file run_15.txt (compact mmCIF, C-alpha atoms)
# COMPACT_ATOMS: atom_id res chain seq x y z
CA MET A 1 0.00 0.00 0.00
CA ALA A 2 3.05 2.27 -0.10
CA ASP A 3 1.82 3.69 -3.45
CA PHE A 4 -1.46 4.85 -1.89
CA THR A 5 -0.89 7.97 0.19
CA HIS A 6 -4.35 7.96 1.78
CA PHE A 7 -3.68 4.85 3.86
CA ASN A 8 -1.68 4.68 7.09
CA GLU A 9 0.68 1.87 8.11
CA SER A 10 -2.31 -0.17 9.36
CA GLY A 11 -4.11 0.11 6.02
CA ARG A 12 -6.71 2.56 7.34
CA ALA A 13 -7.77 5.74 5.60
CA ARG A 14 -6.06 8.99 6.56
CA MET A 15 -5.77 12.55 5.38
CA VAL A 16 -2.31 13.05 3.88
CA ASP A 17 0.02 15.34 5.84
CA VAL A 18 0.94 18.19 3.49
CA SER A 19 2.60 20.38 6.14
CA ALA A 20 6.11 19.88 4.73
CA LYS A 21 5.08 20.81 1.18
CA GLY A 22 5.74 24.28 -0.16
CA SER A 23 2.93 26.44 -1.46
CA SER A 24 2.57 26.93 -5.19
CA GLU A 25 -0.12 28.05 -7.61
CA ARG A 26 -2.30 25.08 -8.39
CA ILE A 27 -4.81 24.95 -11.23
CA ALA A 28 -7.11 22.10 -12.27
CA VAL A 29 -9.60 21.91 -15.14
CA ALA A 30 -12.29 19.22 -15.30
CA HIS A 31 -15.05 18.38 -17.78
CA GLY A 32 -18.31 16.52 -17.79
CA ARG A 33 -21.28 16.17 -20.11
CA VAL A 34 -25.04 16.15 -19.64
CA LEU A 35 -27.03 14.29 -22.31
CA MET A 36 -30.63 15.27 -23.01
CA LEU A 37 -33.36 15.34 -25.61
CA PRO A 38 -33.14 18.10 -28.24
CA GLU A 39 -36.38 19.59 -26.87
CA THR A 40 -34.83 19.87 -23.41
CA LEU A 41 -31.81 21.76 -24.71
CA ARG A 42 -34.07 24.02 -26.77
CA ARG A 43 -36.13 24.86 -23.68
CA ILE A 44 -32.96 25.59 -21.69
CA GLN A 45 -31.70 27.90 -24.45
CA GLU A 46 -35.04 29.70 -24.72
CA GLY A 47 -35.40 30.10 -20.94
CA LYS A 48 -38.53 27.94 -20.85
CA ILE A 49 -37.67 25.71 -17.91
CA ALA A 50 -40.12 26.40 -15.08
CA LYS A 51 -37.45 26.44 -12.36
CA GLY A 52 -35.57 29.32 -14.01
CA ASP A 53 -32.28 29.99 -15.79
CA VAL A 54 -30.75 26.52 -15.77
CA LEU A 55 -27.18 27.45 -16.66
CA ALA A 56 -27.05 30.41 -14.27
CA VAL A 57 -28.19 28.21 -11.38
CA ALA A 58 -25.87 25.36 -12.41
CA GLN A 59 -22.99 27.82 -12.57
CA VAL A 60 -23.56 28.98 -8.99
CA ALA A 61 -24.05 25.36 -7.86
CA GLY A 62 -20.73 24.37 -9.45
CA VAL A 63 -18.90 27.17 -7.63
CA MET A 64 -20.57 26.16 -4.37
CA GLY A 65 -19.68 22.51 -5.00
CA ALA A 66 -16.01 23.35 -5.46
CA LYS A 67 -16.02 25.30 -2.21
CA ARG A 68 -17.73 22.45 -0.30
CA THR A 69 -15.61 19.57 -1.65
CA PRO A 70 -14.00 18.69 1.70
CA ASP A 71 -17.51 18.33 3.17
CA LEU A 72 -18.34 15.73 0.51
CA VAL A 73 -15.03 13.89 -0.06
CA PRO A 74 -13.70 12.79 3.34
CA MET A 75 -9.93 12.95 2.77
CA CYS A 76 -9.84 16.28 0.91
CA HIS A 77 -8.12 19.18 2.61
CA PRO A 78 -10.13 22.37 3.16
CA LEU A 79 -8.57 24.87 0.75
CA MET A 80 -8.74 28.60 0.23
CA LEU A 81 -9.81 28.68 -3.42
CA THR A 82 -8.70 31.78 -5.28
CA SER A 83 -10.85 31.23 -8.37
CA VAL A 84 -13.61 28.96 -9.64
CA ASN A 85 -14.70 29.41 -13.25
CA ILE A 86 -17.57 27.41 -14.77
CA ASP A 87 -18.23 27.34 -18.52
CA PHE A 88 -20.82 25.55 -20.63
CA GLN A 89 -20.80 24.49 -24.27
CA GLU A 90 -24.07 23.40 -25.85
CA GLN A 91 -24.15 20.77 -28.59
CA ALA A 92 -27.49 21.20 -30.35
CA THR A 93 -26.90 18.61 -33.08
CA PRO A 94 -28.26 15.27 -31.86
CA ASP A 95 -25.83 12.36 -31.66
CA GLU A 96 -26.49 8.85 -33.02
CA ARG A 97 -28.89 8.22 -30.11
CA GLY A 98 -30.83 11.40 -30.79
CA GLN A 99 -29.44 13.26 -27.79
CA CYS A 100 -27.98 16.74 -27.47
CA SER A 101 -25.56 17.73 -24.75
CA ILE A 102 -24.11 20.42 -22.57
CA THR A 103 -20.42 20.13 -21.72
CA ILE A 104 -19.48 21.61 -18.36
CA GLN A 105 -15.97 22.83 -17.65
CA ALA A 106 -14.70 23.89 -14.24
CA ALA A 107 -11.34 25.62 -13.74
CA VAL A 108 -10.26 25.94 -10.12
CA LYS A 109 -7.23 27.74 -8.67
CA THR A 110 -5.52 28.05 -5.32
CA ASN A 111 -2.12 28.90 -3.95
CA GLY A 112 -1.36 26.18 -1.46
CA GLN A 113 0.23 22.90 -0.47
CA THR A 114 -2.15 20.55 -2.26
CA GLY A 115 -3.99 20.49 -5.57
CA VAL A 116 -7.53 21.31 -6.62
CA GLU A 117 -8.36 18.37 -8.89
CA MET A 118 -11.14 17.12 -6.63
CA GLU A 119 -12.64 20.60 -6.36
CA ALA A 120 -12.76 20.92 -10.17
CA MET A 121 -14.38 17.50 -10.63
CA THR A 122 -16.86 18.15 -7.80
CA ALA A 123 -17.82 21.47 -9.40
CA VAL A 124 -18.61 19.68 -12.68
CA ALA A 125 -20.61 16.92 -10.97
CA ILE A 126 -22.67 19.36 -8.89
CA ALA A 127 -23.37 21.57 -11.93
CA ALA A 128 -24.52 18.45 -13.84
CA LEU A 129 -26.77 17.34 -10.98
CA THR A 130 -28.27 20.83 -10.90
CA ILE A 131 -29.04 20.74 -14.63
CA TYR A 132 -30.74 17.38 -14.11
CA ASP A 133 -32.70 18.65 -11.10
CA MET A 134 -33.94 21.73 -12.91
CA CYS A 135 -34.96 19.83 -16.06
CA LYS A 136 -36.18 16.46 -14.75
CA ALA A 137 -39.84 17.45 -15.10
CA VAL A 138 -39.24 17.81 -18.85
CA ASP A 139 -36.74 14.99 -19.43
CA LYS A 140 -36.33 12.26 -16.79
CA GLY A 141 -34.10 10.32 -19.20
CA MET A 142 -31.23 12.80 -19.02
CA SER A 143 -27.87 11.41 -17.96
CA PHE A 144 -24.48 12.78 -17.21
CA GLY A 145 -20.96 11.44 -17.07
CA ASP A 146 -17.55 11.63 -18.65
CA VAL A 147 -16.40 13.63 -15.63
CA CYS A 148 -12.63 13.76 -15.87
CA LEU A 149 -9.57 15.81 -15.10
CA VAL A 150 -8.53 17.64 -18.26
CA SER A 151 -5.41 19.32 -16.90
CA LYS A 152 -3.60 20.30 -13.74
CA SER A 153 -0.53 22.31 -12.93
CA GLY A 154 1.49 23.10 -9.85
CA GLY A 155 2.95 21.03 -7.08
CA LYS A 156 5.57 18.31 -7.08
CA SER A 157 3.98 16.26 -9.87
CA GLY A 158 3.96 19.25 -12.22
CA ILE A 159 1.78 19.48 -15.31
CA TYR A 160 -0.78 16.91 -16.46
CA GLN A 161 -2.68 17.32 -19.73
CA ARG A 162 -5.23 14.76 -20.84
CA SER A 163 -4.67 14.09 -24.54
CA ASP A 164 -8.18 12.98 -25.52
CA VAL A 165 -10.11 16.02 -24.20
CA GLU A 166 -9.72 19.66 -25.21
CA ALA A 167 -10.42 22.52 -22.83
CA LEU A 168 -13.33 24.76 -23.72
CA THR A 169 -12.70 28.34 -24.69
CA PRO A 170 -14.26 30.40 -21.89
CA SER A 171 -17.54 31.89 -23.05
CA HIS A 172 -20.86 32.87 -21.49
CA GLY A 173 -21.46 31.39 -18.12
CA SER A 174 -18.04 32.25 -16.69
CA GLN A 175 -17.96 32.82 -12.97
CA SER A 176 -15.03 33.59 -10.72
call {"tool": "encode", "arguments": {"input": "run_15.txt", "output": "structure tokens"}}
result
Amino acid sequence: MADFTHFNESGRARMVDVSAKGSSERIAVAHGRVLMLPETLRRIQEGKIAKGDVLAVAQVAGVMGAKRTPDLVPMCHPLMLTSVNIDFQEQATPDERGQCSITIQAAVKTNGQTGVEMEAMTAVAIAALTIYDMCKAVDKGMSFGDVCLVSKSGGKSGIYQRSDVEALTPSHGSQS
């Protein structure tokens, strides 16, 4: 178990001690995708979802999710986040299953002793859950997934860039 840092000598879970690490700027970008019927996406775009502006609410939920990550993921360190930016990209052309999608991207930053990968992925997942919650009356068959780390920088392990996923160009929906 020496390769797994979240286990102690007895094989029990622990929060990693980062006190000896130096602070550095840490950035993580994560993606996820919500699949839905074309009519659902159209209603989101036209502001015709009864619960309100879906992407605006999902954006705030994603920011809140990033900030609350240590409350949801037991071994995460509470961090002072310096930035959380949520972007959305709508794909209105149905895929082979007849579904459209919204890609969610979260970029999270801090200056600290540990990274923000979990905060970025939590932000994406919470934004996706919010989209589902706001639209479930219209489309109970929605699904979401493909939540992954796209890139990270900072810290001892340096830069990671996933080769099969491209970062979105920030557009509407940005929030810091």
call {"tool": "closest_residue", "arguments": {"input": "run_15.txt", "among": "A:Met15, A:Arg97, A:Val147, A:Gly47", "to": "Ala127 (chain A)", "atoms": "only C-alpha atoms"}}
result
A:Val147
call {"tool": "residues_around", "arguments": {"input": "run_15.txt", "residues": "Thr69 (chain A)", "least_positions_apart": "6", "cutoff": "12 Å", "atoms": "only C-alpha atoms", "output": "PyMOL selection string"}}
result
chain A and resi 61-63+75-81+108+116-126
call {"tool": "atom_distance", "arguments": {"input": "run_15.txt", "atom1": "CA of Ala56 (chain A)", "atom2": "CA of Ser151 (chain A)"}}
result
24.5 Å
call {"tool": "atom_distance", "arguments": {"input": "run_15.txt", "atom1": "CA of Asp95 (chain A)", "atom2": "CA of Leu149 (chain A)"}}
result
23.5 Å
call {"tool": "residues_around", "arguments": {"input": "run_15.txt", "residues": "Val57 (chain A)", "least_positions_apart": "3", "cutoff": "12 Å", "atoms": "only C-alpha atoms", "output": "JSON list (two decimals) with C-alpha atoms, in the coordinates of the input"}}
result
[["chain", "number", "residue", "atom", "x", "y", "z"],
["A", 44, "ILE", "CA", -32.96, 25.59, -21.69],
["A", 49, "ILE", "CA", -37.67, 25.71, -17.91],
["A", 51, "LYS", "CA", -37.45, 26.44, -12.36],
["A", 52, "GLY", "CA", -35.57, 29.32, -14.01],
["A", 53, "ASP", "CA", -32.28, 29.99, -15.79],
["A", 54, "VAL", "CA", -30.75, 26.52, -15.77],
["A", 60, "VAL", "CA", -23.56, 28.98, -8.99],
["A", 61, "ALA", "CA", -24.05, 25.36, -7.86],
["A", 62, "GLY", "CA", -20.73, 24.37, -9.45],
["A", 63, "VAL", "CA", -18.90, 27.17, -7.63],
["A", 64, "MET", "CA", -20.57, 26.16, -4.37],
["A", 86, "ILE", "CA", -17.57, 27.41, -14.77],
["A", 126, "ILE", "CA", -22.67, 19.36, -8.89],
["A", 127, "ALA", "CA", -23.37, 21.57, -11.93],
["A", 128, "ALA", "CA", -24.52, 18.45, -13.84],
["A", 129, "LEU", "CA", -26.77, 17.34, -10.98],
["A", 130, "THR", "CA", -28.27, 20.83, -10.90],
["A", 131, "ILE", "CA", -29.04, 20.74, -14.63],
["A", 132, "TYR", "CA", -30.74, 17.38, -14.11],
["A", 133, "ASP", "CA", -32.70, 18.65, -11.10],
["A", 134, "MET", "CA", -33.94, 21.73, -12.91],
["A", 135, "CYS", "CA", -34.96, 19.83, -16.06],
["A", 173, "GLY", "CA", -21.46, 31.39, -18.12],
["A", 175, "GLN", "CA", -17.96, 32.82, -12.97]]
call {"tool": "residues_around", "arguments": {"input": "run_15.txt", "residues": "Ser19 (chain A)", "least_positions_apart": "2", "cutoff": "8 Å", "atoms": "only C-alpha atoms", "output": "PyMOL selection string"}}
result
chain A and resi 17+21+113
call {"tool": "residues_near_point", "arguments": {"input": "run_15.txt", "point": "(-16.7, 21.8, -19.0)", "cutoff": "9 Å", "atoms": "only C-alpha atoms", "output": "list in words"}}
result
Val29, Ala30, His31, Gly32, Arg33, Ile86, Asp87, Phe88, Gln89, Ile102, Thr103, Ile104, Gln105, Ala106, Ala107, Val124, Val147, Ala167 and Leu168 of chain A
call {"tool": "closest_residue", "arguments": {"input": "run_15.txt", "among": "A:Lys136, A:Pro74, A:Arg68, A:Ser83", "to": "His6 (chain A)", "atoms": "only C-alpha atoms"}}
result
A:Pro74
call {"tool": "atom_distance", "arguments": {"input": "run_15.txt", "atom1": "CA of Gly115 (chain A)", "atom2": "CA of Val150 (chain A)"}}
result
13.8 Å
call {"tool": "closest_residue", "arguments": {"input": "run_15.txt", "among": "A:Lys156, A:Gln161, A:Gly11, A:Thr40", "to": "Gly98 (chain A)", "atoms": "only C-alpha atoms"}}
result
A:Thr40
call {"tool": "axis_aligned_box", "arguments": {"input": "run_15.txt", "around": "region 106-124 of chain A", "padding_each_side": "8 Å", "output": "JSON"}}
result
{"center_x": -9.2, "center_y": 23.0, "center_z": -7.4, "size_x": 34.8, "size_y": 27.8, "size_z": 29.8}
